[in-house]
file model38.pdb (PDB, C-alpha atoms)
ATOM      1  CA  MET A   1     -25.873   9.878  -5.179
ATOM      2  CA  GLU A   2     -29.193   8.160  -4.586
ATOM      3  CA  LEU A   3     -29.433   6.761  -8.114
ATOM      4  CA  SER A   4     -31.442   3.639  -8.838
ATOM      5  CA  ASP A   5     -29.670   0.395  -9.776
ATOM      6  CA  ASP A   6     -32.089   0.240 -12.743
ATOM      7  CA  ILE A   7     -29.909   2.686 -14.692
ATOM      8  CA  LEU A   8     -26.810   0.470 -14.429
ATOM      9  CA  ILE A   9     -25.440  -1.276 -17.491
ATOM     10  CA  PRO A  10     -23.784  -4.660 -16.813
ATOM     11  CA  SER A  11     -20.007  -4.494 -16.470
ATOM     12  CA  ILE A  12     -17.685  -7.097 -18.004
ATOM     13  CA  TYR A  13     -14.546  -6.615 -15.936
ATOM     14  CA  ARG A  14     -13.263  -6.797 -12.371
ATOM     15  CA  ILE A  15     -11.641  -4.064 -10.310
ATOM     16  CA  TYR A  16      -8.385  -4.768  -8.529
ATOM     17  CA  GLY A  17      -8.011  -2.586  -5.458
ATOM     18  CA  PHE A  18      -4.930  -0.946  -4.038
ATOM     19  CA  ASN A  19      -4.902  -3.556  -1.272
ATOM     20  CA  GLY A  20      -5.121  -6.515  -3.676
ATOM     21  CA  THR A  21      -8.829  -7.241  -3.286
ATOM     22  CA  VAL A  22     -10.933  -8.085  -6.326
ATOM     23  CA  THR A  23     -14.349  -6.489  -6.688
ATOM     24  CA  VAL A  24     -17.074  -7.395  -9.150
ATOM     25  CA  PRO A  25     -18.863  -4.183 -10.204
ATOM     26  CA  LYS A  26     -22.637  -3.823  -9.883
ATOM     27  CA  GLY A  27     -22.574  -2.127 -13.284
ATOM     28  CA  GLU A  28     -21.706   1.069 -15.094
ATOM     29  CA  VAL A  29     -23.449   4.391 -15.571
ATOM     30  CA  THR A  30     -22.589   7.395 -17.741
ATOM     31  CA  LEU A  31     -23.126  10.761 -16.068
ATOM     32  CA  ARG A  32     -22.323  14.370 -16.888
ATOM     33  CA  VAL A  33     -19.411  15.738 -14.860
ATOM     34  CA  SER A  34     -19.261  19.502 -14.509
ATOM     35  CA  ASP A  35     -17.418  21.866 -12.214
ATOM     36  CA  GLY A  36     -20.323  24.331 -12.198
ATOM     37  CA  GLU A  37     -18.134  27.159 -13.490
ATOM     38  CA  GLY A  38     -17.935  26.117 -17.127
ATOM     39  CA  TYR A  39     -14.359  24.877 -17.046
ATOM     40  CA  LEU A  40     -15.261  21.209 -17.221
ATOM     41  CA  ASP A  41     -18.335  19.640 -18.760
ATOM     42  CA  THR A  42     -17.972  16.069 -19.994
ATOM     43  CA  LEU A  43     -19.763  12.738 -20.023
ATOM     44  CA  THR A  44     -18.010  10.194 -17.813
ATOM     45  CA  THR A  45     -18.633   6.487 -17.409
ATOM     46  CA  PHE A  46     -18.490   5.384 -13.786
ATOM     47  CA  CYS A  47     -18.085   1.810 -12.631
ATOM     48  CA  VAL A  48     -20.372   1.290  -9.637
ATOM     49  CA  VAL A  49     -19.191  -0.993  -6.841
ATOM     50  CA  ASP A  50     -20.726  -1.917  -3.512
ATOM     51  CA  VAL A  51     -17.749  -1.592  -1.181
ATOM     52  CA  VAL A  52     -16.796   0.443   1.834
ATOM     53  CA  SER A  53     -14.172   2.876   0.634
ATOM     54  CA  PRO A  54     -12.663   6.156   1.718
ATOM     55  CA  TYR A  55     -12.847   7.235  -1.937
ATOM     56  CA  GLU A  56     -16.043   8.505  -3.530
ATOM     57  CA  ALA A  57     -14.710   8.108  -7.051
ATOM     58  CA  ILE A  58     -11.471   7.094  -8.685
ATOM     59  CA  LEU A  59     -10.816   8.762 -12.001
ATOM     60  CA  GLY A  60      -8.636   6.704 -14.294
ATOM     61  CA  ARG A  61      -6.195   7.425 -17.070
ATOM     62  CA  PRO A  62      -8.787   7.209 -19.882
ATOM     63  CA  TRP A  63     -10.836   9.959 -18.242
ATOM     64  CA  ILE A  64      -7.780  12.128 -17.648
ATOM     65  CA  ALA A  65      -6.673  11.608 -21.260
ATOM     66  CA  GLY A  66     -10.211  12.395 -22.427
ATOM     67  CA  ILE A  67     -10.073  15.870 -20.875
ATOM     68  CA  LYS A  68      -6.472  16.275 -22.102
ATOM     69  CA  GLY A  69      -5.357  16.412 -18.499
ATOM     70  CA  VAL A  70      -1.985  15.996 -16.890
ATOM     71  CA  ALA A  71      -1.999  14.386 -13.459
ATOM     72  CA  SER A  72       0.771  14.486 -10.896
ATOM     73  CA  THR A  73       0.274  12.076  -8.046
ATOM     74  CA  TYR A  74       3.345  13.406  -6.279
ATOM     75  CA  HIS A  75       2.086  17.008  -6.409
ATOM     76  CA  GLN A  76      -1.565  15.980  -6.078
ATOM     77  CA  ARG A  77      -2.602  18.144  -8.992
ATOM     78  CA  LEU A  78      -4.608  17.710 -12.139
ATOM     79  CA  SER A  79      -4.199  20.274 -14.889
ATOM     80  CA  PHE A  80      -6.359  20.403 -18.011
ATOM     81  CA  PRO A  81      -7.146  22.955 -20.704
ATOM     82  CA  SER A  82     -10.520  24.620 -20.888
ATOM     83  CA  TYR A  83     -11.874  27.087 -23.425
ATOM     84  CA  ARG A  84     -10.872  29.916 -21.035
ATOM     85  CA  GLU A  85      -7.556  28.830 -19.516
ATOM     86  CA  VAL A  86      -5.588  25.930 -18.089
ATOM     87  CA  VAL A  87      -7.419  24.766 -14.983
ATOM     88  CA  GLU A  88      -5.642  23.202 -12.038
ATOM     89  CA  VAL A  89      -7.351  20.999  -9.476
ATOM     90  CA  LEU A  90      -5.417  20.667  -6.236
ATOM     91  CA  GLY A  91      -5.565  17.678  -3.927
ATOM     92  CA  ASP A  92      -5.386  17.821  -0.152
ATOM     93  CA  PRO A  93      -2.417  15.845   1.240
ATOM     94  CA  HIS A  94      -4.048  15.535   4.667
ATOM     95  CA  VAL A  95      -7.239  14.056   3.212
ATOM     96  CA  ALA A  96      -5.171  11.755   0.970
ATOM     97  CA  ARG A  97      -3.244  10.514   4.005
ATOM     98  CA  GLN A  98      -6.511   9.916   5.869
ATOM     99  CA  CYS A  99      -7.865   7.938   2.879
ATOM    100  CA  VAL A 100      -4.781   5.736   2.830
ATOM    101  CA  GLN A 101      -5.001   5.166   6.602
ATOM    102  CA  ILE A 102      -8.702   4.249   6.352
ATOM    103  CA  ASP A 103      -7.952   1.882   3.465
ATOM    104  CA  ILE A 104      -5.166   0.190   5.457
ATOM    105  CA  GLN A 105      -7.402  -0.119   8.529
ATOM    106  CA  GLN A 106     -10.278  -1.596   6.518
ATOM    107  CA  ASN A 107      -7.923  -4.087   4.888
ATOM    108  CA  GLU A 108      -6.549  -5.159   8.297
ATOM    109  CA  GLU A 109     -10.077  -5.532   9.670
ATOM    110  CA  ARG A 110     -11.100  -7.614   6.648
ATOM    111  CA  ARG A 111      -8.083  -9.895   7.026
ATOM    112  CA  SER A 112      -8.700 -10.239  10.763
ATOM    113  CA  ARG A 113     -12.354 -11.138  10.120
ATOM    114  CA  GLN A 114     -11.311 -13.703   7.504
ATOM    115  CA  ARG A 115      -8.812 -15.265   9.962
ATOM    116  CA  ARG A 116     -11.497 -15.470  12.674
ATOM    117  CA  GLU A 117     -13.954 -17.092  10.263
ATOM    118  CA  LYS A 118     -11.309 -19.546   9.077
ATOM    119  CA  ASN A 119     -10.357 -20.477  12.661
ATOM    120  CA  LYS A 120     -14.015 -20.862  13.626
ATOM    121  CA  ALA A 121     -14.628 -23.158  10.637
ATOM    122  CA  LYS A 122     -11.546 -25.177  11.606
ATOM    123  CA  GLU A 123     -12.768 -25.511  15.203
ATOM    124  CA  ILE A 124     -16.169 -26.688  13.988
ATOM    125  CA  ARG A 125     -14.562 -29.204  11.622
ATOM    126  CA  VAL A 126     -12.275 -30.543  14.381
ATOM    127  CA  GLY A 127     -15.256 -30.790  16.742
ATOM    128  CA  GLU A 128     -17.264 -32.705  14.150
ATOM    129  CA  GLU A 129     -14.346 -35.078  13.508
ATOM    130  CA  LEU A 130     -13.916 -35.657  17.257
ATOM    131  CA  GLU A 131     -17.631 -36.289  17.672
ATOM    132  CA  LYS A 132     -17.558 -38.755  14.772
ATOM    133  CA  ALA A 133     -14.525 -40.597  16.225
ATOM    134  CA  LEU A 134     -16.145 -40.797  19.666
ATOM    135  CA  SER A 135     -19.381 -42.039  18.139
ATOM    136  CA  GLN A 136     -17.499 -44.758  16.234
ATOM    137  CA  ALA A 137     -15.556 -45.731  19.366
ATOM    138  CA  ILE A 138     -18.738 -46.012  21.412
ATOM    139  CA  THR A 139     -20.425 -48.034  18.666
ATOM    140  CA  THR A 140     -17.406 -50.357  18.451
ATOM    141  CA  TYR A 141     -17.267 -50.725  22.245
ATOM    142  CA  GLU A 142     -20.984 -51.479  22.519
ATOM    143  CA  SER A 143     -20.927 -53.991  19.680
ATOM    144  CA  GLY A 144     -17.912 -55.696  21.297
ATOM    145  CA  GLU A 145     -19.762 -55.965  24.620
ATOM    146  CA  GLN A 146     -22.789 -57.478  22.975
ATOM    147  CA  GLU A 147     -20.637 -60.122  21.302
ATOM    148  CA  ILE A 148     -19.181 -61.098  24.691
ATOM    149  CA  LEU A 149     -22.656 -61.448  26.265
TER     150      LEU A 149
END
call {"tool": "encode", "arguments": {"input": "model38.pdb", "output": "structure tokens"}}
result
Amino acid sequence: MELSDDILIPSIYRIYGFNGTVTVPKGEVTLRVSDGEGYLDTLTTFCVVDVVSPYEAILGRPWIAGIKGVASTYHQRLSFPSYREVVEVLGDPHVARQCVQIDIQQNEERRSRQRREKNKAKEIRVGEELEKALSQAITTYESGEQEIL
């Protein structure tokens, strides 16, 4: 959206993702949400996070309740009253499936990266311990030789 971070208001909560990850928000911003046709025009507070995600925005229950909407995840529909009629927003099951697949892939990549980093840190620690033990052994050996001389 190319908005400046200067407009963000500090956020006091954490976001728990579908895959169990915890994200600390950069902040919050209130923006006008409109469909361009006059059916929907409301102020909405967005929580801004700096994460790679297949989703551009996730609208929560307070927002849906605020527009007097009824959401059906199973049918991928959101219905809400407007001053003209009841409006229905339809989801795309193919796009939803792609979003889930991307989210799963990103989670697997993150876990794989964490495992690699953990193994690398373990290898470094083992190497340092081995180096320390060898150094002590050499020091002990050399001091023992000097005592014999």
call {"tool": "residues_near_point", "arguments": {"input": "model38.pdb", "point": "(-0.9, 18.0, -7.2)", "cutoff": "6 Å", "atoms": "all atoms listed in the file", "output": "VMD selection string"}}
result
chain A and resid 72 75 to 77 90 to 91
call {"tool": "resolve_selection", "arguments": {"input": "model38.pdb", "expression": "the PyMOL selection byres ((chain A and resi 17) around 12)", "output": "PyMOL selection string"}}
result
chain A and resi 14-16+18-25+49+51-53+55+58+103-104+107
call {"tool": "atom_distance", "arguments": {"input": "model38.pdb", "atom1": "atom CA of A:Lys26", "atom2": "atom CA of A:Cys47"}}
result
7.7 Å
call {"tool": "resolve_selection", "arguments": {"input": "model38.pdb", "expression": "the PyMOL selection byres ((chain A and resi 84) around 12)", "output": "ChimeraX atom specification"}}
result
/A:37-40,80-83,85-87
call {"tool": "atom_distance", "arguments": {"input": "model38.pdb", "atom1": "atom CA of A:Asp5", "atom2": "atom CA of A:Asp50"}}
result
11.2 Å
call {"tool": "resolve_selection", "arguments": {"input": "model38.pdb", "expression": "the PyMOL selection byres ((chain A and resi 67) around 12)", "output": "list in words"}}
result
Val33, Ser34, Tyr39, Leu40, Asp41, Thr42, Leu43, Thr44, Leu59, Gly60, Arg61, Pro62, Trp63, Ile64, Ala65, Gly66, Lys68, Gly69, Val70, Ala71, Leu78, Ser79, Phe80, Pro81, Ser82, Tyr83, Val86 and Val87 of chain A
call {"tool": "atom_distance", "arguments": {"input": "model38.pdb", "atom1": "atom CA of A:Gly36", "atom2": "atom CA of A:Asp92"}}
result
20.3 Å
call {"tool": "residues_around", "arguments": {"input": "model38.pdb", "residues": "A:Glu28", "least_positions_apart": "4", "cutoff": "9 Å", "atoms": "all atoms listed in the file", "output": "number ranges by chain"}}
result
A: 7-11, 45-49
call {"tool": "closest_residue", "arguments": {"input": "model38.pdb", "among": "A:Ser143, A:Tyr74, A:Arg110, A:Val126", "to": "A:Ala96", "atoms": "all atoms listed in the file"}}
result
A:Tyr74
